[in-house]
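Working notes for the structure below.
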Amino acid sequence: MARIRSVTGRRQTLLDQGWTLTASAPGGSDNGAEGIPAPVPGTAAQALQAAGLWSAEDPAPLHDKDVVYRTRLTGHGPRILRFHGLATIAEVRLDGERILTSDSMYLAHEVPVTLNGEAELSIRFHALHPALAAKKGRARWRPKLAEPAGLRFVRTTLLGHMPGWCPPIHAVGPFRPVELVEETGPCRVLGADLRSGYDGRDGHLSLRLTVEGAAAGATGSVEVAGRTAPLVFDGVDGFSADLTLPGVEPWWPHTHGEPVLHGVTARIGSAEVDLGRVGFRSLDVDRGPDGNGFALLVNGVRVFCRGGCWVPVDLVGLSSDRAAYESELRRMRDAGANMVRVGGTMLYEGDAFFELCDELGILVWQDAMFANFDYPTDPAFLDSVRAEIAQLLDRTQASPSLAVLCGGSEMEQQAAMLGLPRASWSQPALTAVIAEEAAARRPDLIRVANSPSGGALPFIANAGVTHYYGVGAYMKPLEDARCAGVRFASECLAFANLCEDDPLGVPALHHPRWKERVPRDPGASWDFEDVREHYLEALYDVDPRRLRYEDPDRYRRLSRAVTGEVMQAVVDEWRRAGSTCAGGLVWQWRDPWPGAGWGVVTADGTPKPAWHALKRAFRPLRVILTDEGVNGLAVHLVNDTAQPVEALLRLTAWRNGARDGAVPVLKAERPVTLPARGAISLAAAELSDRFFDTTYSYRFGPIPHDVVTAQLLSAEREAEPIDESHYFPKGRSLPRSDLGLTAVVEGQEGNWALRLATARFACSVHVEDERFQAEDAWFHLPPGVERVIRLRPRAGSGVTDGTASAGRLVPDGEVHALNALAPVRYRGNA
């Protein structure tokens, strides 16, 4: 049943005030104990932290004690208590009488009650660890990912239980809203089954409202996208309507069109029902000629899905309101991401998450919350799972952004990698329950049994969906991104990504405690900093270990640049025309805590250098250069947008001369038309009327150039730059020299920018300013091109754009390039 926003005569009161919390030994009494104030929705960790009794920097365990929340209710007559999420083994009492027990943090509950004045509402969250210790049953395997092993029996998040991945913050408490509902209307709307579709031209919508108390002869209607249709009463408790909307504007991921939404309102007599907004779109999968592919088709168009794997923004309070999600999801959209995966090691996000993805045009790959374990198959467990999936699909039934429903993360892979026989890899009872609920409630979704799955081995890259770490953890060369024949990477490209600045509260990178925040797989003899250093050596021809102690500043700068360079190269390879790959989701999008984590965004939301690289690789309009060996350099032009683009393609080979600046040893250009939602490839040799060895494959004498630049310029807007890419035939480690780099501050009253130019090719240009942050960074700057970069006040500066204080704040910093001998100073005028 779809989420009902509001109904005439229904009053929903959020119970978010007056709560207190007490903690005691398991099974102990807290009578007489003075409680501390507790936010609801919220967690015990959040309340204890606010009281100074717990710290996220050194989190004390919370699963070894009982936690009790209390508040008081007032009112008279029948009500419904709604609990949208209780973590995890909970017992609810009203004036001492038990009214609910729950053993799943993923289930919402409705409890009818009758109030007679004032009453005490209490929720006891039983200690999880003793409950797990009492669970019995032998699994076919025991993973190293999470501990304790008994977590497989209980429907709770693995967050806080994955050493090497995230901080040990335990989820305890009413982390989702608690509401008191009063019905005073002439009829009660019990549920809404709302379904939408799109056939490439027209939209289709069906609605069935289940209503209690509807009088005989009652009439109704539904309105959507400017059209109204009657709701027909079945004589018992149902009103139904089916609409066709000719030529309705469909919903698209933002990279390929507009994410158009349409409000849906139903009326039954004098009652009005707000059903939120719906988008019309179709989904399908192109398996390719060999049946092994996985390309998502939205409205019949192949979409290259790019983005990242989600980490909750608030690991302490697990907040699910709009404010918690909005800045991060907008940051994803600003980076060009069009898909986010909520993995099975996390938790189901709140309604506002899906609403924002609908609005922003971000597709959602949703895992069921299962990962790595061998789960029980007893009827009670499977019934709980059935209810969990049903509730998830019901509350997101109208969401067009929800695209993929996956059975979980790395269960098949875990069994296979531990050497179990093939028959043990799948968990058919669990898979069947998820598939049945999806077929009944969201048949429009693309279903995936597990991530990864689909090949001769679950983790094979060239069939189905994979977790691709060939380039990354397995330290393969960049060419493996093509050799592996990746079809769809629902996880990929995990590195220990350094932030722009040294994070507060984290020791320096030479300190032994630095490694505590570097992610690693439990039991592995290496971590993801080792992975980063492998590519640092391969791409920049340095000894990372020696560089770290001889020149730590240089080590940090190269380390910040290298992971973005690798990510951009792999995504470019996958997006080129002719690639077998139809998607790549970076693991992970955001760090769970400060440090050199997997995230391309820090724990406080600041983009890392890798974020800027992905923003370039994710652009809807993209020019890509690939080395095709003796076939020379290939130029790939990608246009995801709904309109064809007339452009000028310009190719320049530069020699970074030591005396006279950069010398163009090849210049060629050609007008090109980029087809709407399409891609084309050209051989670089086609652009010139003479032979030029762009890739230095034939080696006739010394190599004449250091860099090849491809620029895509608008043919309609006075050669305005659209995109550019660069190829380094001798590698990315260009000699350091005086580049003739200049930086001029422009603007005033809070609207500051830097105008950058260079006489020689500048690598990985970035700005350092204590009070301002550049909106673009770690980009390559070719000669003869001016780049204007807006400067935004940093969060720590205490001002925001447009304020009087921002106007008085003056940019004062340096511009660096990896191949420059020294940075360039700048200062604005007061």
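Identifiers in this document derive from the order of the structure tokens: chains are assigned A, B, ..., residues are numbered from 1 separately in each chain, and ligands are numbered from 1 in order of occurrence.
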
Using only C-alpha atoms, which residues sit within 9 Å of Thr114 (chain A) once same-chain residues fewer than 6 positions away are excluded, as a PDB file with C-alpha atoms, in the first residue's frame?
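That gives us out_28.pdb:
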ATOM      1  CA  GLY A  75      -6.007  12.486  25.502  1.00  0.00           C
ATOM      2  CA  HIS A  76      -9.358  10.756  25.543  1.00  0.00           C
ATOM      3  CA  GLY A  77     -10.739   8.103  23.280  1.00  0.00           C
ATOM      4  CA  PRO A  78      -9.373   5.721  20.647  1.00  0.00           C
ATOM      5  CA  ARG A  79      -5.975   6.414  19.103  1.00  0.00           C
ATOM      6  CA  ILE A  80      -3.371   4.566  17.095  1.00  0.00           C
TER       7      ILE A  80
END

At most 8 Å is the cut-off: for each residue in region 127-238 of chain A with any atom that close to an atom of region 272-296 of chain A, write down the nearest atom pair and the distance in Å rounded to one decimal, counting only C-alpha atoms, chain first then increasing number, as JSON lines.
{"residue": "A:Ser196", "atom": "CA", "partner": "A:Phe280", "partner_atom": "CA", "distance": 6.1}
{"residue": "A:Gly197", "atom": "CA", "partner": "A:Phe280", "partner_atom": "CA", "distance": 5.5}
{"residue": "A:Tyr198", "atom": "CA", "partner": "A:Arg281", "partner_atom": "CA", "distance": 5.0}
{"residue": "A:Asp199", "atom": "CA", "partner": "A:Ser282", "partner_atom": "CA", "distance": 6.9}
{"residue": "A:Gly200", "atom": "CA", "partner": "A:Ser282", "partner_atom": "CA", "distance": 7.7}
{"residue": "A:Gly203", "atom": "CA", "partner": "A:Phe280", "partner_atom": "CA", "distance": 5.9}
{"residue": "A:His204", "atom": "CA", "partner": "A:Phe280", "partner_atom": "CA", "distance": 7.6}

### Task
Mind giving me the straight-line distance from CA of Asp553 (chain A) to CA of Asn497 (chain A) in Å, one decimal?
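Going from CA of Asp553 (chain A) over to CA of Asn497 (chain A), I get 15.7 Å.
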
Close residues, region 688-698 of chain A itself excluded, 7 Å, only C-alpha atoms, min 6 positions apart in chain, as a PDB file with N, CA, C and O atoms, in the first residue's frame:
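Below is the file that was written, around_2.pdb:
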ATOM      1  N   ASP A 627      43.887   4.935 -25.095  1.00  0.00           N
ATOM      2  CA  ASP A 627      45.057   4.447 -25.828  1.00  0.00           C
ATOM      3  C   ASP A 627      44.704   3.108 -26.463  1.00  0.00           C
ATOM      4  O   ASP A 627      44.449   2.124 -25.765  1.00  0.00           O
ATOM      5  N   GLY A 629      46.740   1.408 -28.466  1.00  0.00           N
ATOM      6  CA  GLY A 629      47.971   0.771 -28.908  1.00  0.00           C
ATOM      7  C   GLY A 629      48.413   1.246 -30.279  1.00  0.00           C
ATOM      8  O   GLY A 629      48.471   2.442 -30.553  1.00  0.00           O
ATOM      9  N   VAL A 630      48.719   0.295 -31.179  1.00  0.00           N
ATOM     10  CA  VAL A 630      49.183   0.685 -32.510  1.00  0.00           C
ATOM     11  C   VAL A 630      48.081   1.333 -33.336  1.00  0.00           C
ATOM     12  O   VAL A 630      48.352   1.881 -34.412  1.00  0.00           O
ATOM     13  N   GLY A 632      46.552   3.847 -32.247  1.00  0.00           N
ATOM     14  CA  GLY A 632      46.602   5.256 -31.884  1.00  0.00           C
ATOM     15  C   GLY A 632      45.608   5.625 -30.811  1.00  0.00           C
ATOM     16  O   GLY A 632      45.072   4.781 -30.083  1.00  0.00           O
ATOM     17  N   LEU A 633      45.344   6.893 -30.732  1.00  0.00           N
ATOM     18  CA  LEU A 633      44.466   7.449 -29.710  1.00  0.00           C
ATOM     19  C   LEU A 633      43.039   7.492 -30.245  1.00  0.00           C
ATOM     20  O   LEU A 633      42.805   7.896 -31.387  1.00  0.00           O
ATOM     21  N   ALA A 668      44.647  20.072 -34.278  1.00  0.00           N
ATOM     22  CA  ALA A 668      43.651  19.625 -35.249  1.00  0.00           C
ATOM     23  C   ALA A 668      42.281  19.839 -34.645  1.00  0.00           C
ATOM     24  O   ALA A 668      42.106  19.776 -33.421  1.00  0.00           O
ATOM     25  N   PRO A 729      51.345  10.351 -22.707  1.00  0.00           N
ATOM     26  CA  PRO A 729      52.055   9.224 -23.326  1.00  0.00           C
ATOM     27  C   PRO A 729      53.276   8.768 -22.541  1.00  0.00           C
ATOM     28  O   PRO A 729      53.685   7.610 -22.642  1.00  0.00           O
TER      29      PRO A 729
END

### Task
Find the spatial neighbours of Pro507 (chain A), counting only C-alpha atoms, within a cut-off of 10 Å - ignore same-chain residues fewer than 6 positions away - and output them as a PyMOL selection string.
chain A and resi 513-517+595

#### Entry: Among the residues A:Gly52, A:Pro592, A:Pro246, A:Gly9, the one that comes closest to Val311 (chain A) [using only C-alpha atoms]
A:Pro592

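One finds CA of Asn819 (chain A) at 10.9 Å from CA of Arg557 (chain A).
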
### Query
What gap, in Å, lies between CA of Pro519 (chain A) and CA of Phe495 (chain A)?
8.4 Å

### Task
Write out as a PyMOL selection string which residues come within 8 Å of Gln711 (chain A) when counting only C-alpha atoms, dropping same-chain ones fewer than 5 positions away.
chain A and resi 623+649-651+721-725

### Message
So, with only C-alpha atoms as the atoms that count, which of A:Ala429, A:Met567, A:Ala119, A:Ala390 lies closest to Tyr469 (chain A)?
### Response
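Using only C-alpha atoms, the shortest distance to Tyr469 (chain A) belongs to A:Met567.
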
### Task
From a DSSP calculation on the backbone, collect every residue of region 221-401 of chain A in helix (DSSP H, G or I) and output the set as an NGL selection string.
:A and (322-334 or 351-360 or 379-395)

#### Entry: Given only C-alpha atoms as the counted atoms, nearest of A:Thr377, A:Ser320, A:Ser29, A:Thr563 to Ala432 (chain A)
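Checking each of A:Thr377, A:Ser320, A:Ser29, A:Thr563 against Ala432 (chain A), counting only C-alpha atoms, the winner is A:Thr377.
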
### Task
Tell me, as a ChimeraX atom specification, which residues lie within 9 Å of Cys492 (chain A), counting only C-alpha atoms; anything in the same chain fewer than 4 positions away does not count.
/A:308,466-472,584-588

Would you save the residues from that selection as a JSON list (two decimals), in the first residue's frame, using C-alpha atoms?
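Done, and the output landed in selection_32.json:
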[["chain", "number", "residue", "atom", "x", "y", "z"],
["A", 308, "GLY", "CA", 28.18, 5.60, -5.15],
["A", 466, "THR", "CA", 29.97, -7.59, -9.93],
["A", 467, "HIS", "CA", 31.92, -5.98, -7.13],
["A", 468, "TYR", "CA", 34.86, -4.92, -9.25],
["A", 469, "TYR", "CA", 38.17, -4.47, -7.44],
["A", 470, "GLY", "CA", 40.54, -5.53, -10.20],
["A", 471, "VAL", "CA", 41.68, -1.92, -10.41],
["A", 472, "GLY", "CA", 41.79, -1.31, -6.68],
["A", 584, "GLY", "CA", 29.82, 1.73, -11.82],
["A", 585, "LEU", "CA", 29.01, 2.64, -8.20],
["A", 586, "VAL", "CA", 31.96, 3.75, -6.10],
["A", 587, "TRP", "CA", 32.49, 2.18, -2.69],
["A", 588, "GLN", "CA", 31.79, 4.37, -0.73]]

Got a sec to tell me which of region 559-603 of chain A DSSP assigns to strand (DSSP E or B), as a PDB file with N, CA and C atoms, in the first residue's frame?
ATOM      1  N   GLY A 583      27.505   0.453 -15.897  1.00  0.00           N
ATOM      2  CA  GLY A 583      27.361   1.148 -14.633  1.00  0.00           C
ATOM      3  C   GLY A 583      28.508   0.879 -13.690  1.00  0.00           C
ATOM      4  N   GLY A 584      28.801   1.868 -12.836  1.00  0.00           N
ATOM      5  CA  GLY A 584      29.825   1.734 -11.815  1.00  0.00           C
ATOM      6  C   GLY A 584      29.482   2.592 -10.610  1.00  0.00           C
ATOM      7  N   LEU A 585      29.366   1.950  -9.447  1.00  0.00           N
ATOM      8  CA  LEU A 585      29.012   2.637  -8.200  1.00  0.00           C
ATOM      9  C   LEU A 585      30.193   2.538  -7.242  1.00  0.00           C
ATOM     10  N   VAL A 586      30.740   3.690  -6.895  1.00  0.00           N
ATOM     11  CA  VAL A 586      31.961   3.750  -6.097  1.00  0.00           C
ATOM     12  C   VAL A 586      31.668   3.340  -4.654  1.00  0.00           C
ATOM     13  N   ARG A 590      30.596   8.370   1.148  1.00  0.00           N
ATOM     14  CA  ARG A 590      30.926   9.252   2.271  1.00  0.00           C
ATOM     15  C   ARG A 590      31.618   8.444   3.367  1.00  0.00           C
ATOM     16  N   VAL A 601      33.673  11.747  -0.136  1.00  0.00           N
ATOM     17  CA  VAL A 601      33.242  12.908   0.641  1.00  0.00           C
ATOM     18  C   VAL A 601      33.599  12.607   2.094  1.00  0.00           C
TER      19      VAL A 601
END

### Query
Looking at only C-alpha atoms, which of A:Pro477, A:Gly150, A:Pro704, A:Pro522 is the one that sits closest to Ala538 (chain A)?
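Looking only at the distances to Ala538 (chain A), the closest residue turns out to be A:Pro477.
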
### Non-local contacts of Arg825 (chain A) (9 Å; only C-alpha atoms; under 3 positions in same chain excluded) as a VMD selection string
chain A and resid 742 to 743 812 to 815

#### Entry: Residue among A:Cys166, A:Ala416, A:Ile89, A:Cys305 lying closest to Cys581 (chain A), counting only C-alpha atoms
A:Cys305

### Query
Which of these, A:Gly27, A:Pro544, A:Gly18, A:Gly263, has the shortest distance to Glu120 (chain A) once you count only C-alpha atoms?
A:Gly18
